[in-house]
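Enquirer: Contents of model-v1.tsv (TSV, C-alpha atoms and all ligand atoms) are below:
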```
chain	number	residue	atom	x	y	z
A	12	MET	CA	-17.52	6.41	29.17
A	13	TYR	CA	-16.74	3.04	30.68
A	14	GLU	CA	-14.47	2.16	33.52
A	15	GLY	CA	-10.73	1.82	33.22
A	16	VAL	CA	-9.59	-1.04	31.03
A	17	VAL	CA	-12.81	-1.30	29.02
A	18	GLN	CA	-12.54	2.34	28.04
A	19	ASP	CA	-8.82	1.86	27.29
A	20	LEU	CA	-9.75	-0.93	24.88
A	21	ILE	CA	-12.44	1.19	23.21
A	22	ASP	CA	-9.98	4.08	22.88
A	23	GLU	CA	-7.31	1.86	21.31
A	24	LEU	CA	-9.77	0.27	18.86
A	25	GLY	CA	-11.08	3.73	17.98
A	26	ARG	CA	-7.60	4.71	16.79
A	27	LEU	CA	-7.69	2.06	14.05
A	28	PRO	CA	-8.43	3.31	10.53
A	29	GLY	CA	-12.09	3.11	9.60
A	30	VAL	CA	-13.23	2.34	13.15
A	31	GLY	CA	-15.49	5.02	14.57
A	32	PRO	CA	-16.50	5.30	18.26
A	33	LYS	CA	-19.60	3.13	17.74
A	34	SER	CA	-17.70	0.33	16.00
A	35	ALA	CA	-14.95	0.53	18.63
A	36	GLN	CA	-17.55	-0.03	21.31
A	37	ARG	CA	-19.15	-2.90	19.41
A	38	ILE	CA	-15.78	-4.65	18.88
A	39	ALA	CA	-14.80	-4.11	22.51
A	40	PHE	CA	-17.98	-5.79	23.77
A	41	TYR	CA	-17.61	-8.57	21.25
A	42	LEU	CA	-14.13	-9.23	22.63
A	43	LEU	CA	-15.37	-9.09	26.23
A	44	GLN	CA	-17.84	-11.85	25.46
A	45	ALA	CA	-15.64	-13.89	23.14
A	46	ASP	CA	-13.96	-17.16	24.02
A	47	GLU	CA	-10.67	-16.77	25.82
A	48	ALA	CA	-9.01	-18.89	23.09
A	49	ASP	CA	-10.29	-16.66	20.27
A	50	VAL	CA	-8.98	-13.55	21.98
A	51	ARG	CA	-5.65	-15.21	22.64
A	52	ARG	CA	-5.34	-16.08	18.93
A	53	LEU	CA	-5.99	-12.45	18.01
A	54	VAL	CA	-3.40	-11.23	20.52
A	55	SER	CA	-0.86	-13.71	19.21
A	56	ALA	CA	-1.49	-12.68	15.57
A	57	LEU	CA	-0.91	-9.04	16.54
A	58	THR	CA	2.25	-9.83	18.48
A	59	GLU	CA	3.65	-12.09	15.75
A	60	VAL	CA	3.03	-9.60	12.96
A	61	LYS	CA	4.84	-6.87	14.88
A	62	ALA	CA	7.71	-9.18	15.75
A	63	ARG	CA	8.21	-10.77	12.35
A	64	VAL	CA	7.02	-8.46	9.63
A	65	ARG	CA	9.16	-5.59	8.50
A	66	PHE	CA	9.24	-3.35	5.49
A	67	CYS	CA	11.45	-4.20	2.52
A	68	GLN	CA	14.59	-2.07	2.56
A	69	VAL	CA	14.35	-1.50	-1.18
A	70	CYS	CA	10.69	-1.07	-2.08
A	71	GLY	CA	8.84	-0.58	1.22
A	72	ASN	CA	6.58	-3.60	0.74
A	73	VAL	CA	5.93	-5.85	3.73
A	74	ALA	CA	8.63	-8.45	4.15
A	75	GLU	CA	9.70	-11.13	6.59
A	76	GLU	CA	13.36	-10.59	5.66
A	77	ASP	CA	15.40	-7.53	4.69
A	78	LEU	CA	13.97	-7.77	1.18
A	79	CYS	CA	10.43	-8.65	0.14
A	80	ARG	CA	9.53	-11.61	-2.07
A	81	VAL	CA	9.42	-9.49	-5.25
A	82	CYS	CA	12.77	-7.78	-4.65
A	83	ARG	CA	14.41	-11.14	-3.88
A	84	ASP	CA	13.18	-12.67	-7.16
A	85	PRO	CA	15.91	-12.32	-9.84
A	86	ARG	CA	13.37	-13.08	-12.60
A	87	ARG	CA	11.53	-9.83	-11.98
A	88	ASP	CA	12.24	-7.11	-14.53
A	89	ALA	CA	14.28	-4.40	-12.82
A	90	SER	CA	13.71	-1.89	-15.64
A	91	VAL	CA	10.01	-1.33	-14.86
A	92	LEU	CA	8.92	0.09	-11.55
A	93	CYS	CA	5.29	0.23	-10.45
A	94	VAL	CA	4.66	2.93	-7.86
A	95	VAL	CA	1.80	2.20	-5.44
A	96	GLU	CA	0.46	3.74	-2.26
A	97	GLU	CA	0.34	0.76	0.09
A	98	PRO	CA	1.55	-2.85	0.36
A	99	LYS	CA	-2.06	-4.00	-0.17
A	100	ASP	CA	-1.88	-2.52	-3.68
A	101	VAL	CA	1.10	-4.77	-4.42
A	102	VAL	CA	-1.07	-7.74	-3.46
A	103	ALA	CA	-3.90	-6.52	-5.74
A	104	ILE	CA	-1.55	-6.08	-8.72
A	105	GLU	CA	0.23	-9.39	-8.11
A	106	ARG	CA	-3.15	-11.10	-8.29
A	107	THR	CA	-3.62	-9.91	-11.89
A	108	ARG	CA	-0.35	-11.64	-12.98
A	109	GLU	CA	0.00	-8.85	-15.58
A	110	PHE	CA	3.06	-7.26	-14.10
A	111	ARG	CA	6.56	-8.72	-14.07
A	112	GLY	CA	8.50	-5.67	-12.91
A	113	ARG	CA	9.23	-4.40	-9.45
A	114	TYR	CA	7.45	-2.08	-7.04
A	115	HIS	CA	7.94	1.03	-5.01
A	116	VAL	CA	5.56	1.55	-2.09
A	117	LEU	CA	5.05	5.20	-1.16
A	118	GLY	CA	3.39	4.58	2.18
A	119	GLY	CA	0.35	6.73	1.40
A	120	ALA	CA	-0.76	9.53	-0.89
A	121	ILE	CA	-0.52	13.30	-0.85
A	122	SER	CA	-3.43	14.69	1.16
A	123	PRO	CA	-3.44	18.31	2.31
A	124	ILE	CA	-6.52	17.64	4.44
A	125	GLU	CA	-4.75	14.92	6.40
A	126	GLY	CA	-1.51	16.87	6.42
A	127	VAL	CA	0.37	14.38	4.23
A	128	GLY	CA	2.89	16.05	1.93
A	129	PRO	CA	5.50	14.64	-0.48
A	130	ASP	CA	8.11	14.55	2.29
A	131	ASP	CA	5.96	12.14	4.28
A	132	LEU	CA	6.02	9.60	1.46
A	133	ARG	CA	8.92	7.44	0.29
A	134	ILE	CA	9.65	9.71	-2.67
A	135	ARG	CA	13.23	10.44	-1.63
A	136	GLU	CA	13.87	6.69	-1.54
A	137	LEU	CA	12.35	6.45	-5.02
A	138	MET	CA	14.70	9.10	-6.38
A	139	THR	CA	17.68	7.28	-4.82
A	140	ARG	CA	16.57	4.05	-6.49
A	141	LEU	CA	16.26	5.72	-9.87
A	142	ALA	CA	19.75	7.18	-9.66
A	143	SER	CA	21.31	3.88	-10.72
A	144	GLY	CA	19.72	4.26	-14.17
A	145	GLU	CA	18.45	0.68	-14.23
A	146	VAL	CA	14.80	1.73	-14.35
A	147	THR	CA	13.46	2.95	-17.70
A	148	GLU	CA	9.71	2.92	-17.12
A	149	ILE	CA	7.64	4.06	-14.17
A	150	ILE	CA	4.03	2.98	-13.90
A	151	ILE	CA	2.13	5.17	-11.50
A	152	ALA	CA	-0.57	3.03	-9.91
A	153	THR	CA	-1.85	5.28	-7.17
A	154	ASP	CA	-5.56	5.02	-6.28
A	155	PRO	CA	-8.08	6.52	-8.74
A	156	ASN	CA	-9.24	9.17	-6.25
A	157	LEU	CA	-8.35	12.77	-5.42
A	158	GLU	CA	-5.27	11.97	-3.32
A	159	GLY	CA	-4.05	9.35	-5.77
A	160	GLU	CA	-4.38	11.75	-8.70
A	161	ALA	CA	-2.59	14.53	-6.80
A	162	THR	CA	0.23	12.11	-6.02
A	163	ALA	CA	0.44	10.93	-9.65
A	164	THR	CA	0.63	14.54	-10.89
A	165	TYR	CA	3.30	15.39	-8.35
A	166	LEU	CA	5.35	12.31	-9.25
A	167	ALA	CA	5.06	12.92	-12.99
A	168	ARG	CA	6.34	16.47	-12.53
A	169	THR	CA	9.15	15.43	-10.18
A	170	LEU	CA	10.32	12.54	-12.34
A	171	LYS	CA	10.07	14.35	-15.67
A	172	PRO	CA	13.69	15.65	-15.71
A	173	LEU	CA	14.93	12.05	-15.52
A	174	GLY	CA	13.62	11.36	-19.02
A	175	LEU	CA	11.95	8.06	-18.13
A	176	ARG	CA	8.81	6.64	-19.72
A	177	ILE	CA	6.10	7.51	-17.20
A	178	THR	CA	2.70	5.87	-17.50
A	179	ARG	CA	-0.48	5.89	-15.46
A	180	LEU	CA	-2.92	3.01	-15.20
A	181	ALA	CA	-5.73	3.35	-17.74
A	182	SER	CA	-9.11	4.65	-16.74
A	183	GLY	CA	-11.82	2.05	-16.32
A	184	LEU	CA	-10.86	1.65	-12.71
A	185	PRO	CA	-13.72	2.71	-10.45
A	186	VAL	CA	-13.19	6.43	-9.90
A	187	GLY	CA	-12.96	7.55	-6.30
A	188	GLY	CA	-12.19	4.01	-5.31
A	189	ASP	CA	-9.32	2.08	-3.96
A	190	LEU	CA	-7.02	0.02	-6.17
A	191	GLU	CA	-7.42	-3.06	-3.99
A	192	TYR	CA	-11.17	-3.20	-4.65
A	193	ALA	CA	-10.79	-3.38	-8.42
A	194	ASP	CA	-11.34	-6.88	-9.72
A	195	GLU	CA	-8.43	-8.70	-11.35
A	196	VAL	CA	-9.75	-8.36	-14.91
A	197	THR	CA	-10.31	-4.60	-14.63
A	198	LEU	CA	-6.95	-4.04	-12.98
A	199	GLY	CA	-5.23	-6.26	-15.55
A	200	ARG	CA	-6.81	-4.27	-18.40
A	201	ALA	CA	-5.81	-1.01	-16.76
A	202	PHE	CA	-2.23	-2.25	-16.90
A	203	GLU	CA	-2.36	-3.16	-20.56
A	204	GLY	CA	-3.99	0.16	-21.45
A	205	ARG	CA	-1.75	2.36	-19.37
A	206	ARG	CA	-1.24	5.78	-20.87
A	207	LEU	CA	1.76	8.07	-21.07
A	208	LEU	CA	1.72	10.95	-18.61
A	209	ASP	CA	3.14	14.24	-19.64
A	210	ALA	CA	3.53	16.63	-16.79
B	301	ZN	ZN	10.84	-5.12	-1.95
```
Written as structure tokens, how would this file's structure read?
Ligand code: ZN
Expert:
Amino acid sequence: MYEGVVQDLIDELGRLPGVGPKSAQRIAFYLLQADEADVRRLVSALTEVKARVRFCQVCGNVAEEDLCRVCRDPRRDASVLCVVEEPKDVVAIERTREFRGRYHVLGGAISPIEGVGPDDLRIRELMTRLASGEVTEIIIATDPNLEGEATATYLARTLKPLGLRITRLASGLPVGGDLEYADEVTLGRAFEGRRLLDA
């Protein structure tokens, strides 16, 4: 335990995803020794992102306006919806240039261990979106790991009564991994080879 503000900093850093107590301590001491200007740039990036970035009212992607770049683009195919876990997955898929439809960001994946159930994800918003009948195909692009598979299975079952074409990205993606770490070629192929899901 350190005194006051140093410990506060370590505690705050330790709350970040993927940062354990040891890393939190290392980052805190790095910041203590860093140039004032570097630290100020970091603070300003954090403040700016909270002030300016919001979530798209339609798809849940990050946006600097009410709608994200994809939802604002009239050339994007509104009949195909790609369902992903996080905004970073949108970035990964956009990089492949394989997909011309729109997205729906769930905000996570079903994980009983972490206490995340279907109601914690943007599934209700998805159902509302589908009610207009504009969407005819859903591509489920959740991560190829346990939580992602559980989420895909849940979605396939929930969406089945709507009679849409429901596909899942082809295998070939590194199992147990994270969509964002797949290279563009692999992810692009997974799109082309997506398979029909029957729940
Ligand atoms: Zn959007």
Enquirer: Looking at A:Val60, A:Leu157, A:Ile21, A:Leu166, which one is nearest to Ile38 of chain A, with distances taken over only C-alpha atoms?
Expert: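 So, comparing all the options, the nearest one is A:Ile21.
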Enquirer: Pick from A:Ile104, A:Leu78, A:Cys93, A:Leu53: nearest to ligand ZN 301 (chain B), with only C-alpha atoms and all ligand atoms counted?
Expert: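 Answer, going by the shortest atom-to-atom distance: A:Leu78.
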Enquirer: Using all atoms listed in the file, determine which residues lie at most 12 Å from Lys33 of chain A, disregarding the query and same-chain residues fewer than 6 positions distant; provide the list as a compact mmCIF listing (two decimals) with C-alpha atoms, in the frame of the given file.
Expert:
```
# COMPACT_ATOMS: atom_id res chain seq x y z
CA ILE A 21 -12.44 1.19 23.21
CA ASP A 22 -9.98 4.08 22.88
CA LEU A 24 -9.77 0.27 18.86
CA GLY A 25 -11.08 3.73 17.98
CA ALA A 39 -14.80 -4.11 22.51
CA PHE A 40 -17.98 -5.79 23.77
```
Enquirer: Using all atoms listed in the file, find each residue with an atom at most 7 Å away from ligand ZN 301 (chain B) and format the answer as a list in words.
Expert: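 Residues satisfying the distance criterion: Cys67, Gln68, Val69, Cys70, Gly71, Asn72, Leu78, Cys79, Arg80, Val81, Cys82 and Tyr114 of chain A.
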Enquirer: Give me, please, the distance in Å between atom CA of Leu117 of chain A and atom CA of Asp100 of chain A, quoted to one decimal.
Expert: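 Computing it gives 10.7 Å between the two atoms.
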Enquirer: So what do you get for atom CA of Ala142 of chain A versus atom CA of Ala120 of chain A, distance-wise?
Expert: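 So the answer is 22.4 Å.
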Enquirer: By how many Å are atom CA of Glu148 of chain A and atom CA of Ser90 of chain A apart?
Expert: 6.4 Å
Enquirer: Find, counting only C-alpha atoms, the residue in A:Gly15, A:Gly199, A:Gly204, A:Pro123 that gets nearest to Thr107 of chain A.
Expert: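 Counting only C-alpha atoms, the residue closest to Thr107 of chain A is A:Gly199.
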Enquirer: Counting all atoms listed in the file, figure out which residue out of A:Lys171, A:Arg133, A:Arg87, A:Lys99 gets nearest to Glu191 of chain A.
Expert: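 Under the stated criterion, the closest residue is A:Lys99.
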Enquirer: With all atoms listed in the file as the basis for distance, which of A:Gln18, A:Thr197, A:Thr178, A:Ser122 is at the shortest distance from Val94 of chain A?
Expert: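 For Val94 of chain A, the nearest of the given residues is A:Thr178.
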Enquirer: May I ask which of the residues A:Glu136, A:Asp194, A:Glu158, A:Glu145 is the closest one to Leu173 of chain A, counting only C-alpha atoms?
Expert: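 So, comparing all the options, the nearest one is A:Glu145.
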